file query_35.cif (mmCIF, C-alpha atoms and all ligand atoms)
data_entry
#
loop_
_atom_site.label_atom_id
_atom_site.label_comp_id
_atom_site.auth_asym_id
_atom_site.auth_seq_id
_atom_site.Cartn_x
_atom_site.Cartn_y
_atom_site.Cartn_z
CA MET A 17 -21.08 21.71 26.53
CA ARG A 18 -22.48 24.61 24.47
CA ALA A 19 -26.18 24.59 23.56
CA THR A 20 -25.37 25.62 19.95
CA PRO A 21 -22.21 24.51 18.12
CA VAL A 22 -19.87 27.48 17.96
CA SER A 23 -19.46 26.97 14.19
CA ASP A 24 -23.26 27.48 13.82
CA GLU A 25 -23.02 30.63 15.91
CA ILE A 26 -20.16 31.90 13.70
CA ARG A 27 -22.23 31.15 10.60
CA ARG A 28 -25.19 33.05 12.09
CA ALA A 29 -23.05 35.99 13.22
CA PRO A 30 -19.68 35.94 11.40
CA PRO A 31 -16.92 37.71 13.34
CA LEU A 32 -15.70 40.70 11.29
CA ALA A 33 -12.13 40.06 12.37
CA HIS A 34 -10.43 41.06 9.13
CA GLY A 35 -10.02 44.20 7.03
CA GLY A 36 -9.85 46.48 10.09
CA GLY A 37 -13.14 45.06 11.44
CA ARG A 38 -15.16 45.19 8.20
CA ASP A 39 -14.60 41.75 6.63
CA TYR A 40 -15.00 38.04 7.19
CA PHE A 41 -12.28 36.04 5.44
CA GLY A 42 -12.74 32.94 7.58
CA LEU A 43 -12.71 29.22 6.78
CA GLU A 44 -15.65 27.75 4.92
CA TRP A 45 -18.55 26.68 7.16
CA SER A 46 -17.89 22.97 6.49
CA ALA A 47 -14.23 23.40 7.48
CA LEU A 48 -15.18 25.23 10.69
CA ALA A 49 -17.68 22.49 11.60
CA TRP A 50 -15.02 19.82 10.93
CA LEU A 51 -12.55 21.75 13.13
CA GLU A 52 -15.12 21.87 15.91
CA ARG A 53 -15.76 18.09 15.64
CA THR A 54 -12.04 17.29 15.53
CA VAL A 55 -10.35 19.52 18.12
CA ASP A 56 -10.70 18.80 21.85
CA SER A 57 -9.30 20.09 25.12
CA ALA A 58 -6.55 17.45 25.25
CA MET A 59 -4.96 18.81 22.08
CA THR A 60 -2.12 21.24 21.50
CA THR A 61 -2.76 23.19 18.30
CA LEU A 62 -1.31 26.04 16.26
CA GLU A 63 -2.56 28.18 13.41
CA THR A 64 -1.08 30.81 11.17
CA GLY A 65 -3.72 33.47 10.58
CA CYS A 66 -6.45 34.43 13.03
CA GLY A 67 -10.23 34.76 12.96
CA ALA A 68 -13.20 32.38 13.04
CA SER A 69 -10.91 29.36 13.30
CA THR A 70 -9.30 30.87 16.42
CA ILE A 71 -12.75 31.10 18.03
CA VAL A 72 -13.36 27.40 17.29
CA PHE A 73 -9.98 26.40 18.78
CA ALA A 74 -10.76 28.51 21.89
CA ALA A 75 -14.25 27.01 22.30
CA ALA A 76 -12.78 23.50 22.05
CA GLY A 77 -10.49 24.33 24.99
CA ALA A 78 -7.33 23.38 23.08
CA ARG A 79 -3.96 24.68 24.20
CA HIS A 80 -3.63 26.90 21.16
CA VAL A 81 -1.22 29.36 19.51
CA THR A 82 -2.45 31.78 16.84
CA ILE A 83 0.06 33.79 14.82
CA SER A 84 -0.91 36.84 12.78
CA PRO A 85 0.78 40.23 12.58
CA ASP A 86 -2.49 42.17 13.09
CA GLU A 87 -3.17 42.85 16.77
CA GLY A 88 -6.57 44.33 15.86
CA GLU A 89 -7.69 40.85 14.73
CA HIS A 90 -6.64 39.45 18.09
CA ARG A 91 -8.66 42.10 19.94
CA ARG A 92 -11.74 41.47 17.78
CA VAL A 93 -11.54 37.69 18.28
CA LEU A 94 -11.12 38.19 22.05
CA ALA A 95 -14.16 40.53 22.11
CA TYR A 96 -16.29 38.03 20.10
CA CYS A 97 -15.35 35.27 22.55
CA ALA A 98 -15.96 37.46 25.63
CA GLU A 99 -19.47 38.38 24.39
CA ARG A 100 -20.34 34.69 24.11
CA GLY A 101 -18.62 33.35 27.23
CA ILE A 102 -15.95 31.45 25.25
CA ALA A 103 -12.84 31.02 27.41
CA THR A 104 -9.61 32.24 25.81
CA ALA A 105 -7.12 31.61 28.65
CA ALA A 106 -5.54 28.68 26.76
CA VAL A 107 -5.01 30.71 23.57
CA ARG A 108 -1.72 32.52 23.02
CA PHE A 109 -1.73 35.29 20.40
CA ILE A 110 1.57 36.15 18.74
CA ALA A 111 1.42 39.45 16.82
CA GLU A 112 4.17 38.82 14.28
CA PRO A 113 4.50 37.46 10.74
CA SER A 114 4.61 33.67 10.98
CA ASP A 115 8.08 33.29 9.44
CA VAL A 116 9.43 35.52 12.25
CA ALA A 117 7.32 34.02 15.05
CA LEU A 118 7.93 30.37 14.17
CA MET A 119 11.69 30.91 14.42
CA GLY A 120 11.51 33.20 17.48
CA ALA A 121 8.63 33.93 19.87
CA TRP A 122 7.01 30.50 19.47
CA GLN A 123 8.51 27.87 21.74
CA PRO A 124 8.19 24.63 19.77
CA GLU A 125 6.12 21.93 21.44
CA PRO A 126 4.56 18.70 20.17
CA LEU A 127 1.45 19.59 18.17
CA ASP A 128 -1.69 17.59 17.40
CA LEU A 129 -3.08 19.84 14.67
CA VAL A 130 -1.73 22.74 12.61
CA LEU A 131 -3.87 25.06 10.47
CA VAL A 132 -1.94 26.90 7.74
CA ASP A 133 -4.04 29.95 6.79
CA GLY A 134 -1.75 32.97 7.26
CA ALA A 135 0.19 34.80 4.54
CA HIS A 136 -0.81 33.17 1.24
CA GLY A 137 2.03 34.42 -0.99
CA PHE A 138 4.96 32.19 -1.87
CA PRO A 139 6.89 30.90 0.07
CA PHE A 140 4.97 31.55 3.30
CA PRO A 141 2.48 28.63 3.23
CA ALA A 142 5.43 26.30 2.55
CA LEU A 143 7.43 27.92 5.38
CA ASP A 144 4.48 27.62 7.80
CA TRP A 145 4.20 23.94 6.92
CA TYR A 146 7.94 23.31 7.09
CA LEU A 147 8.57 25.15 10.38
CA THR A 148 5.77 23.25 12.14
CA ALA A 149 5.93 19.84 10.41
CA ALA A 150 8.78 18.49 12.52
CA HIS A 151 6.82 19.37 15.70
CA LEU A 152 3.59 17.74 14.58
CA ARG A 153 3.18 14.39 16.35
CA VAL A 154 3.07 11.29 14.17
CA GLY A 155 -0.70 10.83 13.78
CA GLY A 156 -1.26 14.60 13.88
CA LEU A 157 -3.04 16.63 11.18
CA VAL A 158 -2.09 19.59 9.02
CA VAL A 159 -4.95 21.60 7.48
CA LEU A 160 -4.12 23.70 4.41
CA ASP A 161 -6.70 26.33 3.52
CA ASP A 162 -6.91 27.77 0.00
CA ALA A 163 -5.16 24.59 -1.12
CA TYR A 164 -5.85 25.37 -4.80
CA LEU A 165 -3.56 28.45 -4.80
CA PRO A 166 -0.20 27.62 -6.41
CA SER A 167 1.67 28.88 -3.30
CA VAL A 168 -0.29 26.46 -1.10
CA HIS A 169 -0.71 23.74 -3.69
CA VAL A 170 3.04 23.16 -3.89
CA VAL A 171 2.75 21.83 -0.32
CA VAL A 172 -0.32 19.75 -1.28
CA ARG A 173 1.61 18.30 -4.21
CA PHE A 174 4.59 17.44 -2.01
CA LEU A 175 2.49 15.85 0.75
CA ARG A 176 0.50 13.79 -1.77
CA ALA A 177 3.79 12.43 -3.13
CA SER A 178 5.41 11.77 0.27
CA SER A 179 5.26 8.42 2.04
CA SER A 180 5.38 10.27 5.40
CA TRP A 181 1.94 11.86 4.88
CA GLU A 182 -1.51 10.50 4.10
CA GLN A 183 -4.28 12.56 2.55
CA GLU A 184 -7.56 12.71 4.51
CA PRO A 185 -10.88 13.60 2.86
CA ALA A 186 -11.03 17.31 1.97
CA ILE A 187 -13.14 19.32 4.44
CA GLY A 188 -14.42 21.81 1.85
CA TYR A 189 -13.73 22.67 -1.77
CA ARG A 190 -10.70 24.75 -0.80
CA THR A 191 -9.40 23.00 2.32
CA ALA A 192 -7.10 19.95 2.30
CA VAL A 193 -6.07 17.80 5.29
CA PHE A 194 -3.06 15.52 5.67
CA ARG A 195 -2.07 13.14 8.48
CA LYS A 196 1.58 12.72 9.38
CA ILE A 197 2.26 8.99 9.43
CA SER A 198 6.04 8.96 9.80
CA ALA A 199 8.68 11.32 11.15
CA GLU A 200 11.00 10.52 8.28
CA LEU A 201 12.11 13.46 6.13
CA SER A 202 13.49 12.97 2.65
CA TYR A 203 16.35 15.34 1.89
CA ASP A 204 17.25 14.09 -1.57
CA TRP A 205 15.29 14.35 -4.80
CA ILE A 206 16.56 11.00 -6.05
CA GLY A 207 13.74 8.51 -5.79
CA SER A 208 11.33 11.22 -4.62
CA ALA A 209 7.95 11.03 -6.35
CA PHE A 210 7.63 14.83 -6.00
CA ASP A 211 10.65 15.51 -8.21
CA GLN A 212 10.03 13.13 -11.10
CA ARG A 213 8.61 15.61 -13.59
CA PRO A 214 11.08 18.21 -14.89
CA HIS A 215 9.99 21.69 -16.04
CA PHE A 216 12.00 23.61 -18.62
CA ASP A 217 9.57 26.49 -19.18
CA TYR A 218 12.37 28.97 -18.38
CA LEU A 219 14.20 27.92 -21.59
CA PRO A 220 13.37 29.19 -25.10
CA LEU A 221 10.91 26.79 -26.81
CA ARG A 222 13.55 25.58 -29.26
CA ASP A 223 15.88 24.40 -26.44
CA ARG A 224 13.27 22.49 -24.48
CA PRO A 225 13.04 19.17 -26.42
CA LEU A 226 16.78 18.52 -26.01
CA ALA A 227 16.67 19.50 -22.32
CA TYR A 228 13.76 17.07 -21.71
CA ALA A 229 15.50 14.31 -23.69
CA ARG A 230 18.77 14.76 -21.76
CA THR A 231 17.00 14.75 -18.39
CA LEU A 232 14.34 12.10 -18.95
CA VAL A 233 16.31 9.71 -21.13
CA LEU A 234 20.07 10.22 -20.93
CA ASP A 235 20.46 11.30 -17.25
CA ARG A 236 18.09 8.60 -15.99
CA HIS A 237 19.21 5.72 -18.20
CA PRO A 238 23.04 5.48 -18.20
CA ALA A 239 22.99 2.50 -20.61
CA ILE A 240 21.16 4.58 -23.26
CA ALA A 241 23.57 7.49 -22.61
CA SER A 242 26.67 5.34 -23.20
CA ALA A 243 25.10 3.74 -26.32
CA ALA A 244 24.42 7.27 -27.64
CA ARG A 245 28.04 8.30 -26.91
CA ARG A 246 29.31 5.18 -28.75
CA LEU A 247 27.10 5.99 -31.73
CA LEU A 248 28.38 9.58 -31.84
CA ARG A 249 32.01 8.39 -31.66
CA THR A 250 31.41 5.88 -34.51
CA GLY A 251 29.74 8.57 -36.60
CA ARG A 252 32.76 10.90 -36.20
CA ARG A 253 35.28 8.28 -37.44
C1 LIG B 1 -7.76 34.19 5.45
S1 LIG B 1 -7.32 34.99 6.94
C2 LIG B 1 -7.37 33.72 8.14
C3 LIG B 1 -8.74 33.25 8.39
C4 LIG B 1 -8.92 32.43 9.64
N1 LIG B 1 -8.34 31.13 9.54
C5 LIG B 1 -10.40 32.35 9.90
O1 LIG B 1 -10.96 31.23 9.91
O2 LIG B 1 -11.01 33.41 10.06
C6 LIG B 1 -5.60 35.25 6.70
C7 LIG B 1 -4.88 35.62 7.96
O3 LIG B 1 -3.48 35.67 7.70
C8 LIG B 1 -2.94 36.69 8.47
N2 LIG B 1 -1.60 37.03 7.95
C9 LIG B 1 -1.26 37.89 6.97
N3 LIG B 1 0.08 37.91 6.83
C10 LIG B 1 0.57 37.02 7.73
C11 LIG B 1 1.88 36.60 8.07
N4 LIG B 1 2.95 37.08 7.44
N5 LIG B 1 2.00 35.67 9.05
C12 LIG B 1 0.91 35.17 9.67
N6 LIG B 1 -0.34 35.56 9.40
C13 LIG B 1 -0.51 36.46 8.43
C14 LIG B 1 -3.97 37.79 8.38
O4 LIG B 1 -3.74 38.77 9.38
C15 LIG B 1 -5.23 36.97 8.57
O5 LIG B 1 -5.47 36.73 9.92
#
call {"tool": "encode", "arguments": {"input": "query_35.cif", "output": "structure tokens", "more": "lines below"}}
Ligand SMILES: C[S@@+](CC[C@H](N)C(=O)[O-])C[C@H]1O[C@@H](n2cnc3c(N)ncnc32)[C@H](O)[C@@H]1O
result
Amino acid sequence: MRATPVSDEIRRAPPLAHGGGRDYFGLEWSALAWLERTVDSAMTTLETGCGASTIVFAAAGARHVTISPDEGEHRRVLAYCAERGIATAAVRFIAEPSDVALMGAWQPEPLDLVLVDGAHGFPFPALDWYLTAAHLRVGGLVVLDDAYLPSVHVVVRFLRASSSWEQEPAIGYRTAVFRKISAELSYDWIGSAFDQRPHFDYLPLRDRPLAYARTLVLDRHPAIASAARRLLRTGRR
């Protein structure tokens, strides 16, 4: 048991793991404190990205995998831990982009918690979620940092609409958490709450009303579609 919570220590002396050793781009303090309260040594965990969160996983004694392409970050996190007597033997660092690592160097294993905080451009947050979601145990948690960014929020929007996931209270203004409550995956859009609202913003303005009417009224209500066809036929006679 540490005398001071490691998240307090990080707040007091943030590890400059990013930007070649000049910057701190870590989780919010509230999210780090939540991570420290939540993770324990019985857990198997994985994160995309590396930094303060990695130090918290290490201090908790979790069997942990961190994936980021920047080996310098790994060295700086290891040095921060070494200076403070935080064991890192249970942490595996993979120095590759997550889309490569999650389909290669990482050997999938059942996970209790996944933190998605690596590459933030589309589609990487969605890929990080997708490539780990099947390995997350039912009851396990996925943490999505920078959840307000459109590239991350598409995952938030999907999980909020899915009956296989339950939203937990947010752990900071930018960090969302979801619990996997079923292993069931939905492959089809039909009946999926996520896919109910069409978007025709790629069409010229003048073509949009008809596209919305066709999709929302005619495609979804066959009785109205056949009545409309009958009306058109009568009008032509
Ligand atoms: C916001 S920082 C992560 C912060 C970390 N969670 C913390 O608490 O300090 C973003 C991280 O994503 C990593 N990254 C950038 N591109 C990546 C990629 N393609 N795959 C995985 N990680 C990537 C960066 O090297 C950096 O470690």
call {"tool": "residues_near_ligand", "arguments": {"input": "query_35.cif", "ligand": "ligand LIG 1 (chain B)", "cutoff": "7 Å", "atoms": "only C-alpha atoms and all ligand atoms", "output": "JSON, numbers by chain"}}
result
{"A": [34, 40, 41, 42, 43, 64, 65, 66, 67, 68, 69, 70, 83, 84, 85, 86, 89, 112, 113, 114, 115, 133, 134, 135]}
call {"tool": "write_last_selection", "arguments": {"input": "query_35.cif", "atoms": "C-alpha atoms", "output": "compact mmCIF listing (two decimals), in the coordinates of the input"}}
result
# COMPACT_ATOMS: atom_id res chain seq x y z
CA HIS A 34 -10.43 41.06 9.13
CA TYR A 40 -15.00 38.04 7.19
CA PHE A 41 -12.28 36.04 5.44
CA GLY A 42 -12.74 32.94 7.58
CA LEU A 43 -12.71 29.22 6.78
CA THR A 64 -1.08 30.81 11.17
CA GLY A 65 -3.72 33.47 10.58
CA CYS A 66 -6.45 34.43 13.03
CA GLY A 67 -10.23 34.76 12.96
CA ALA A 68 -13.20 32.38 13.04
CA SER A 69 -10.91 29.36 13.30
CA THR A 70 -9.30 30.87 16.42
CA ILE A 83 0.06 33.79 14.82
CA SER A 84 -0.91 36.84 12.78
CA PRO A 85 0.78 40.23 12.58
CA ASP A 86 -2.49 42.17 13.09
CA GLU A 89 -7.69 40.85 14.73
CA GLU A 112 4.17 38.82 14.28
CA PRO A 113 4.50 37.46 10.74
CA SER A 114 4.61 33.67 10.98
CA ASP A 115 8.08 33.29 9.44
CA ASP A 133 -4.04 29.95 6.79
CA GLY A 134 -1.75 32.97 7.26
CA ALA A 135 0.19 34.80 4.54
call {"tool": "closest_residue", "arguments": {"input": "query_35.cif", "among": "A:Ala142, A:Ile71, A:Val168, A:Ala121", "to": "Glu99 in chain A", "atoms": "all atoms listed in the file"}}
result
A:Ile71
call {"tool": "residues_around", "arguments": {"input": "query_35.cif", "residues": "range 158-167 of chain A", "least_positions_apart": "3", "cutoff": "8 Å", "atoms": "all atoms listed in the file", "output": "PyMOL selection string"}}
result
chain A and resi 43+129-133+136-142+145+170-172+190-196
call {"tool": "closest_residue", "arguments": {"input": "query_35.cif", "among": "A:Met59, A:Ala106, A:Ala47, A:Ala241", "to": "Arg153 in chain A", "atoms": "only C-alpha atoms"}}
result
A:Met59
call {"tool": "axis_aligned_box", "arguments": {"input": "query_35.cif", "around": "range 179-190 of chain A", "padding_each_side": "8 Å", "output": "AutoDock Vina command-line options"}}
result
--center_x -4.5 --center_y 16.6 --center_z 1.8 --size_x 35.8 --size_y 32.3 --size_z 23.2
call {"tool": "atom_distance", "arguments": {"input": "query_35.cif", "atom1": "CA of Arg18 in chain A", "atom2": "CA of Leu32 in chain A"}}
result
21.9 Å
call {"tool": "atom_distance", "arguments": {"input": "query_35.cif", "atom1": "CA of Phe210 in chain A", "atom2": "CA of His151 in chain A"}}
result
22.2 Å
call {"tool": "atom_distance", "arguments": {"input": "query_35.cif", "atom1": "CA of Trp122 in chain A", "atom2": "CA of Leu143 in chain A"}}
result
14.3 Å
call {"tool": "closest_residue", "arguments": {"input": "query_35.cif", "among": "A:Thr61, A:Gln123, A:Thr148, A:Ser179", "to": "Val107 in chain A", "atoms": "only C-alpha atoms"}}
result
A:Thr61
